[in-house]
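Read the structure below first, then the notes.
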Amino acid sequence: MKCEKLLEAMNEYVDGTIDPGICESLQKHLDDCDPCQVVIDNIRQTITLFKAGVPYELPIQFKAKLRDELRRRWKARFPKGQKRA
Amino acid sequence: MVTQEIEDTKASPASPPIVDPDRALVLRAQEGELEAFEELVSRYEQRVYTLALRILRQREDAEEVVQEAFVSVLEHLETFRGEAPFKSWLLRIATNQALHVLRKRKGLSTVPFQEERGESEQHPLPHPQLIARWKESPERLAEQLEVHHSLARALEDIDEKYRLVFVLRDVSEFSTKETAMALNISEPNVKIRLLRARLMLRERLTSMFGDGASRMIPDHKHEGE
């Protein structure tokens with residue numbers, strides 16, 4: 001397998017949805033090609049990093065408004081703290 | 001009304017039982033306990049806001065998505081059966097809500113997000129230029145505030161059609177089919193856009209976090225070079 005073919009199959013490999021036959025050939029390529037292995041590692045790290053990030057703080061005023069609005073709607077749905085049967 | 005937003009994703013028959021850390025709170029909220037619902041809101045409001053901002057890039061629109069997503073959760077909580085984790089259900093609702101806002105903003109209803117014929121053949125894949133191991137693990141990087149500014153910039157740098165597919169597939173964990181349906185594009189286009197998005201983001205992030213000392217040059221020529 002050439003590096004170009006590896007690039008084309010990379011999504012399925014990273015997602016673990018690759019055909020086992022192709023996977024074996026790709027793994028063989030990776031064993032002998034450090035740069036491709038590093039690219040695969042980098043892709044996994046990229047996905048992990050974006051998944052881990054929750055960097056944006058909600059504006060305080062909006063948070064308070066959100067609480068009030070949700071409480072209002074909750075009380076309309078469950079009047080006087082009424083619980084579902 | 002966003003029609004896809006309340007679907008409770010089913011686990012496949014072969015899947016192991018869902019372990020949901022929010023299950024107890026969800027059950028209490030389903031019984032009408034406001035405090036439990038508010039705890040769920042506190043846990044996830046920042047994550048929903050981040051997701052919405054990544055899709056919409058405008059604070060006011062992202063705030064609207066946060067509110068509408070939690071209102072939708074409140075209204076459909078009784079029908080949530082726990083066949084997927086609560087977090088996944090919530091992020092799907094928020095993603096569909098954000099796409100709804102994006103379509104509204106563009107004056108679209110059901111037309112696709114820049115569907116193009118033969119997209120895979122139009123441009124060659126962006127071949128990796130900078131190949132180097134990262135200096136730190138993604139877990140350590142995620143703890144640093146400035147890293148998040150860099151992530152936001154990297155995501156803003158790439159075209160919307162790639163950004164949306166990346167956010168839906170890799171952040172919101174939509175399947176290829178679900179992403180294709182949500183964006184009204186074909187599954188092959190989802191796959192090629194995701195591949196390009198991942199390669200473009202990898203290049204940008206490696207230029208920020210890569211260890212120059214470990215930079216690698218392939219010892220063989222690639223086609224087209």
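Residue names in the structure tokens use chain letters A, B, ... in the order shown, residue numbers from 1 in each chain, and ligand numbers from 1 in the order shown.
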Which residues are close to Asp61 of chain B, i.e. within 9 Å by only C-alpha atoms, leaving aside same-chain residues fewer than 6 positions away? Reply as a PyMOL selection string.
chain B and resi 52-53+98+101-102
Could you turn the residues from that selection into a file that holds C-alpha atoms, as a short mmCIF file (atom, residue, chain, number, x, y, z; two decimals), in the first residue's frame?
data_model
loop_
_atom_site.label_atom_id
_atom_site.label_comp_id
_atom_site.auth_asym_id
_atom_site.auth_seq_id
_atom_site.Cartn_x
_atom_site.Cartn_y
_atom_site.Cartn_z
CA ALA B 52 -23.38 25.94 18.93
CA LEU B 53 -20.63 28.55 18.65
CA ALA B 98 -27.96 25.02 15.39
CA VAL B 101 -30.65 28.51 12.83
CA LEU B 102 -27.92 28.34 10.19
#
With a distance cut-off of 7 Å and only C-alpha atoms, select the neighbouring residues of segment 191-208 of chain B, excluding the residue or stretch itself and same-chain residues fewer than 2 positions from it, and output the selection as an NGL selection string.
(:A and (11 or 42-43 or 46)) or (:B and (120 or 125-126 or 128 or 130 or 132 or 134 or 154 or 162-163 or 165-166 or 187-189 or 210))
Export of the given selection (C-alpha atoms) as a CSV table (one decimal), in the first residue's frame:
chain,number,residue,atom,x,y,z
A,11,ASN,CA,-11.0,7.8,8.0
A,42,ASN,CA,-2.0,13.4,14.9
A,43,ILE,CA,-5.4,12.9,13.5
A,46,THR,CA,-6.9,16.4,16.8
B,120,SER,CA,-13.9,13.9,-4.4
B,125,LEU,CA,-6.4,15.5,-1.1
B,126,PRO,CA,-4.3,17.9,1.0
B,128,PRO,CA,0.5,16.3,4.9
B,130,LEU,CA,4.4,19.1,8.4
B,132,ALA,CA,5.9,15.8,13.6
B,134,TRP,CA,3.1,16.7,19.3
B,154,ALA,CA,-8.0,26.6,13.3
B,162,TYR,CA,-15.7,21.1,6.1
B,163,ARG,CA,-16.2,22.7,9.5
B,165,VAL,CA,-19.0,17.9,8.8
B,166,PHE,CA,-16.1,17.8,11.2
B,187,GLU,CA,-22.8,10.1,2.2
B,188,PRO,CA,-19.7,10.0,-0.1
B,189,ASN,CA,-19.5,13.8,0.2
B,210,GLY,CA,4.2,19.8,16.9
Between atom CA of Asp170 of chain B and atom CA of Phe70 of chain B lies a distance of 22.1 Å
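Residues from chain B found within 7 Å of chain A are Glu31, Gly32, Gln46, Arg47, Tyr49, Thr50, Gln67, Val71, Ile131, Ala132, Arg133, Pro138, Glu139, Ala142, His148, Asp170, Val171, Leu195, Arg198, Arg202, Met216 and Pro218 of chain B, counting only C-alpha atoms.
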At what distance in Å, to one decimal, does atom CA of Asp211 of chain B lie from atom CA of Lys135 of chain B?
5.0 Å
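Here atom CA of Leu25 of chain B stands at a distance of 18.5 Å from atom CA of Ile93 of chain B.
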Can you list every residue in chain A that DSSP puts in helix (DSSP H, G or I), as a VMD selection string?
chain A and resid 3 to 15 20 to 32 34 to 52 60 to 77 79 to 81
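Distance check against Leu6 of chain A using only C-alpha atoms: of A:Leu26, A:Gln61, A:Pro20, A:Arg72, the minimum falls on A:Leu26.
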Who sits within 10 Å of Arg105 of chain B, only C-alpha atoms, same chain under 5 positions skipped, as a ChimeraX atom specification
/B:56,61,99-100
Give me a file of those residues, with C-alpha atoms, as a PDB file, in the first residue's frame.
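Written output follows (selection_24.pdb):
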ATOM      1  CA  LEU B  56     -22.720  29.281  14.131  1.00  0.00           C
ATOM      2  CA  ASP B  61     -27.364  32.699  17.776  1.00  0.00           C
ATOM      3  CA  LEU B  99     -28.325  23.763  11.808  1.00  0.00           C
ATOM      4  CA  HIS B 100     -31.905  25.038  11.833  1.00  0.00           C
TER       5      HIS B 100
END
